[in-house]
file query.pdb (PDB, C-alpha atoms)
ATOM      1  CA  GLN R  24      18.210-109.629  -1.239
ATOM      2  CA  VAL R  25      20.594-108.692   1.553
ATOM      3  CA  GLN R  26      20.453-110.243   5.013
ATOM      4  CA  LEU R  27      21.831-108.399   8.031
ATOM      5  CA  VAL R  28      22.600-109.922  11.417
ATOM      6  CA  GLU R  29      23.532-107.651  14.292
ATOM      7  CA  SER R  30      25.279-108.380  17.543
ATOM      8  CA  GLY R  31      27.005-106.591  20.381
ATOM      9  CA  GLY R  32      24.331-104.693  22.272
ATOM     10  CA  GLY R  33      23.920-104.770  26.023
ATOM     11  CA  LEU R  34      23.966-102.842  29.269
ATOM     12  CA  VAL R  35      26.862-100.498  29.952
ATOM     13  CA  GLN R  36      27.570 -97.799  32.504
ATOM     14  CA  PRO R  37      27.861 -94.150  31.477
ATOM     15  CA  GLY R  38      31.313 -93.488  30.065
ATOM     16  CA  GLY R  39      31.677 -97.079  28.930
ATOM     17  CA  SER R  40      32.103 -98.564  25.476
ATOM     18  CA  LEU R  41      30.365-101.076  23.244
ATOM     19  CA  ARG R  42      31.001-102.328  19.753
ATOM     20  CA  LEU R  43      28.121-103.328  17.530
ATOM     21  CA  SER R  44      28.619-105.649  14.585
ATOM     22  CA  CYS R  45      26.505-106.165  11.484
ATOM     23  CA  ALA R  46      27.255-109.079   9.196
ATOM     24  CA  ALA R  47      25.845-108.831   5.673
ATOM     25  CA  SER R  48      25.146-111.711   3.327
ATOM     26  CA  GLY R  49      23.373-112.251   0.043
ATOM     27  CA  SER R  50      23.601-109.703  -2.766
ATOM     28  CA  VAL R  51      26.084-107.460  -0.984
ATOM     29  CA  PHE R  52      27.389-106.151  -4.311
ATOM     30  CA  ILE R  53      24.313-103.921  -4.656
ATOM     31  CA  ILE R  54      25.001-102.055  -1.396
ATOM     32  CA  ASP R  55      25.969 -98.389  -1.738
ATOM     33  CA  SER R  56      26.104 -97.518   1.946
ATOM     34  CA  MET R  57      25.988 -99.216   5.309
ATOM     35  CA  ASN R  58      24.320 -97.332   8.111
ATOM     36  CA  TRP R  59      23.461 -97.486  11.775
ATOM     37  CA  TYR R  60      20.159 -96.068  12.980
ATOM     38  CA  ARG R  61      18.714 -95.950  16.461
ATOM     39  CA  GLN R  62      15.291 -95.559  17.956
ATOM     40  CA  ALA R  63      14.638 -94.602  21.552
ATOM     41  CA  PRO R  64      11.244 -95.156  23.194
ATOM     42  CA  GLY R  65       8.758 -92.551  22.034
ATOM     43  CA  LYS R  66      11.141 -91.102  19.474
ATOM     44  CA  GLU R  67      11.597 -91.430  15.754
ATOM     45  CA  ARG R  68      14.318 -93.553  14.268
ATOM     46  CA  GLU R  69      17.410 -91.474  13.531
ATOM     47  CA  LEU R  70      20.531 -91.993  11.472
ATOM     48  CA  VAL R  71      23.572 -92.361  13.703
ATOM     49  CA  ALA R  72      26.361 -93.116  11.237
ATOM     50  CA  ARG R  73      26.755 -93.751   7.530
ATOM     51  CA  LEU R  74      29.596 -95.420   5.681
ATOM     52  CA  TYR R  75      29.617 -95.035   1.935
ATOM     53  CA  SER R  76      31.175 -97.604  -0.364
ATOM     54  CA  GLY R  77      33.973 -95.127  -1.045
ATOM     55  CA  SER R  78      34.737 -94.912   2.692
ATOM     56  CA  ASN R  79      33.267 -91.456   3.309
ATOM     57  CA  THR R  80      31.393 -91.241   6.580
ATOM     58  CA  ASN R  81      28.683 -89.115   8.153
ATOM     59  CA  TYR R  82      27.715 -88.942  11.817
ATOM     60  CA  LEU R  83      24.877 -87.601  13.893
ATOM     61  CA  ASN R  84      26.175 -84.436  15.572
ATOM     62  CA  SER R  85      25.590 -85.768  19.068
ATOM     63  CA  VAL R  86      27.850 -88.801  18.485
ATOM     64  CA  LYS R  87      30.700 -87.139  16.605
ATOM     65  CA  GLY R  88      34.010 -87.829  18.300
ATOM     66  CA  ARG R  89      32.527 -90.701  20.313
ATOM     67  CA  PHE R  90      31.270 -93.187  17.701
ATOM     68  CA  THR R  91      33.181 -94.661  14.784
ATOM     69  CA  ILE R  92      31.744 -96.659  11.905
ATOM     70  CA  SER R  93      34.067 -99.027  10.079
ATOM     71  CA  ARG R  94      33.993-102.192   8.018
ATOM     72  CA  ASP R  95      35.870-105.375   7.291
ATOM     73  CA  ASN R  96      35.323-106.114   3.608
ATOM     74  CA  ALA R  97      36.691-109.633   3.908
ATOM     75  CA  LYS R  98      33.988-110.452   6.441
ATOM     76  CA  ASN R  99      31.230-108.266   4.903
ATOM     77  CA  THR R 100      30.839-106.820   8.372
ATOM     78  CA  VAL R 101      30.288-103.275   9.557
ATOM     79  CA  TYR R 102      31.039-102.107  13.067
ATOM     80  CA  LEU R 103      29.939 -99.261  15.262
ATOM     81  CA  GLN R 104      32.425 -98.522  18.003
ATOM     82  CA  MET R 105      30.716 -96.497  20.692
ATOM     83  CA  ASN R 106      32.820 -94.786  23.343
ATOM     84  CA  SER R 107      31.996 -92.391  26.169
ATOM     85  CA  LEU R 108      28.431 -93.627  26.153
ATOM     86  CA  LYS R 109      25.726 -91.495  27.689
ATOM     87  CA  PRO R 110      22.270 -92.391  29.011
ATOM     88  CA  GLU R 111      20.775 -90.560  26.032
ATOM     89  CA  ASP R 112      22.436 -93.099  23.734
ATOM     90  CA  THR R 113      20.025 -95.710  25.073
ATOM     91  CA  ALA R 114      18.027 -97.075  22.156
ATOM     92  CA  VAL R 115      17.499-100.012  19.857
ATOM     93  CA  TYR R 116      20.221 -99.834  17.225
ATOM     94  CA  TYR R 117      19.489-101.034  13.712
ATOM     95  CA  CYS R 118      21.884-101.891  10.944
ATOM     96  CA  ASN R 119      20.786-100.751   7.501
ATOM     97  CA  ALA R 120      22.095-101.469   4.019
ATOM     98  CA  ARG R 121      21.019 -99.127   1.270
ATOM     99  CA  SER R 122      21.109 -99.650  -2.469
ATOM    100  CA  ASP R 123      20.634 -96.383  -4.307
ATOM    101  CA  THR R 124      20.755 -98.193  -7.651
ATOM    102  CA  TYR R 125      17.812-100.428  -6.804
ATOM    103  CA  SER R 126      16.103 -98.026  -4.345
ATOM    104  CA  ARG R 127      16.128-100.691  -1.640
ATOM    105  CA  ASP R 128      16.684-100.642   2.084
ATOM    106  CA  PHE R 129      17.512-103.717   4.120
ATOM    107  CA  TRP R 130      17.324-103.865   7.907
ATOM    108  CA  GLY R 131      18.749-105.927  10.690
ATOM    109  CA  GLN R 132      16.652-107.143  13.592
ATOM    110  CA  GLY R 133      17.892-104.479  15.997
ATOM    111  CA  THR R 134      19.970-104.723  19.134
ATOM    112  CA  GLN R 135      19.266-103.027  22.455
ATOM    113  CA  VAL R 136      21.850-100.667  23.919
ATOM    114  CA  THR R 137      21.175 -99.479  27.457
ATOM    115  CA  VAL R 138      23.420 -96.934  29.159
ATOM    116  CA  SER R 139      22.662 -96.798  32.842
ATOM    117  CA  SER R 140      24.362 -96.871  36.214
TER     118      SER R 140
END
call {"tool": "encode", "arguments": {"input": "query.pdb", "output": "structure tokens"}}
result
Amino acid sequence: QVQLVESGGGLVQPGGSLRLSCAASGSVFIIDSMNWYRQAPGKERELVARLYSGSNTNYLNSVKGRFTISRDNAKNTVYLQMNSLKPEDTAVYYCNARSDTYSRDFWGQGTQVTVSS
């Protein structure tokens, strides 16, 4: 099992920045990728950023150049730095850990990000 605890959401004005954190514990050695998803009201959950164990990354087109996913291996923590935030970035953001080997997905509790003036 892998446990994920998120932090860092909140209310920010358009153009502002936030950094989300996701601390992993448990069987972290089985994780192949760490990911951030988001879900806005009335919309499906979408993948925002993916960080593979080999450090390759993928981003949702609409966040490229504004969001950066990174990790601190010593702390088993993944971050999502979000800059130049827009109202359309408003959503609940979820941390996800995926194990391809064991076909398992683990989820954090979600953290609300609201971009509004």
call {"tool": "atom_distance", "arguments": {"input": "query.pdb", "atom1": "CA of Ala63 (chain R)", "atom2": "CA of Asp128 (chain R)"}}
result
20.5 Å
call {"tool": "residues_around", "arguments": {"input": "query.pdb", "residues": "region 67-70 of chain R", "least_positions_apart": "5", "cutoff": "9 Å", "atoms": "all atoms listed in the file", "output": "mmCIF file with C-alpha atoms, keeping the file's coordinate frame"}}
result
data_model
loop_
_atom_site.group_PDB
_atom_site.id
_atom_site.type_symbol
_atom_site.label_atom_id
_atom_site.label_comp_id
_atom_site.auth_asym_id
_atom_site.auth_seq_id
_atom_site.Cartn_x
_atom_site.Cartn_y
_atom_site.Cartn_z
ATOM 1 C CA ASN R 58 24.320 -97.332 8.111
ATOM 2 C CA TRP R 59 23.461 -97.486 11.775
ATOM 3 C CA TYR R 60 20.159 -96.068 12.980
ATOM 4 C CA ARG R 61 18.714 -95.950 16.461
ATOM 5 C CA GLN R 62 15.291 -95.559 17.956
ATOM 6 C CA TYR R 82 27.715 -88.942 11.817
ATOM 7 C CA LEU R 83 24.877 -87.601 13.893
#
call {"tool": "resolve_selection", "arguments": {"input": "query.pdb", "expression": "the PyMOL selection byres ((chain R and resi 40-56) around 8)", "output": "ChimeraX atom specification"}}
result
/R:24-33,35,38-39,57-58,73-76,98-108,118,120-125,131
call {"tool": "atom_distance", "arguments": {"input": "query.pdb", "atom1": "CA of Asn81 (chain R)", "atom2": "CA of Ser140 (chain R)"}}
result
29.4 Å
call {"tool": "atom_distance", "arguments": {"input": "query.pdb", "atom1": "CA of Asp95 (chain R)", "atom2": "CA of Lys109 (chain R)"}}
result
26.7 Å
call {"tool": "residues_around", "arguments": {"input": "query.pdb", "residues": "Gln135 (chain R)", "least_positions_apart": "2", "cutoff": "9 Å", "atoms": "only C-alpha atoms", "output": "CSV table (one decimal) with C-alpha atoms, in the coordinates of the input"}}
result
chain,number,residue,atom,x,y,z
R,31,GLY,CA,27.0,-106.6,20.4
R,32,GLY,CA,24.3,-104.7,22.3
R,33,GLY,CA,23.9,-104.8,26.0
R,34,LEU,CA,24.0,-102.8,29.3
R,113,THR,CA,20.0,-95.7,25.1
R,114,ALA,CA,18.0,-97.1,22.2
R,115,VAL,CA,17.5,-100.0,19.9
R,116,TYR,CA,20.2,-99.8,17.2
R,117,TYR,CA,19.5,-101.0,13.7
R,133,GLY,CA,17.9,-104.5,16.0
R,137,THR,CA,21.2,-99.5,27.5
call {"tool": "closest_residue", "arguments": {"input": "query.pdb", "among": "R:Phe129, R:Asn119, R:Gly77, R:Ala72", "to": "Arg89 (chain R)", "atoms": "only C-alpha atoms"}}
result
R:Ala72
call {"tool": "axis_aligned_box", "arguments": {"input": "query.pdb", "around": "region 132-137 of chain R", "padding_each_side": "5 Å", "output": "lines of an AutoDock Vina configuration file"}}
result
center_x = 19.3
center_y = -103.3
center_z = 20.5
size_x = 15.2
size_y = 17.7
size_z = 23.9
call {"tool": "residues_around", "arguments": {"input": "query.pdb", "residues": "Pro110 (chain R)", "least_positions_apart": "3", "cutoff": "7 Å", "atoms": "all atoms listed in the file", "output": "ChimeraX atom specification"}}
result
/R:37,113,138-139
call {"tool": "residues_around", "arguments": {"input": "query.pdb", "residues": "Ser85 (chain R)", "least_positions_apart": "4", "cutoff": "10 Å", "atoms": "only C-alpha atoms", "output": "PyMOL selection string"}}
result
chain R and resi 71+89-90+111-112
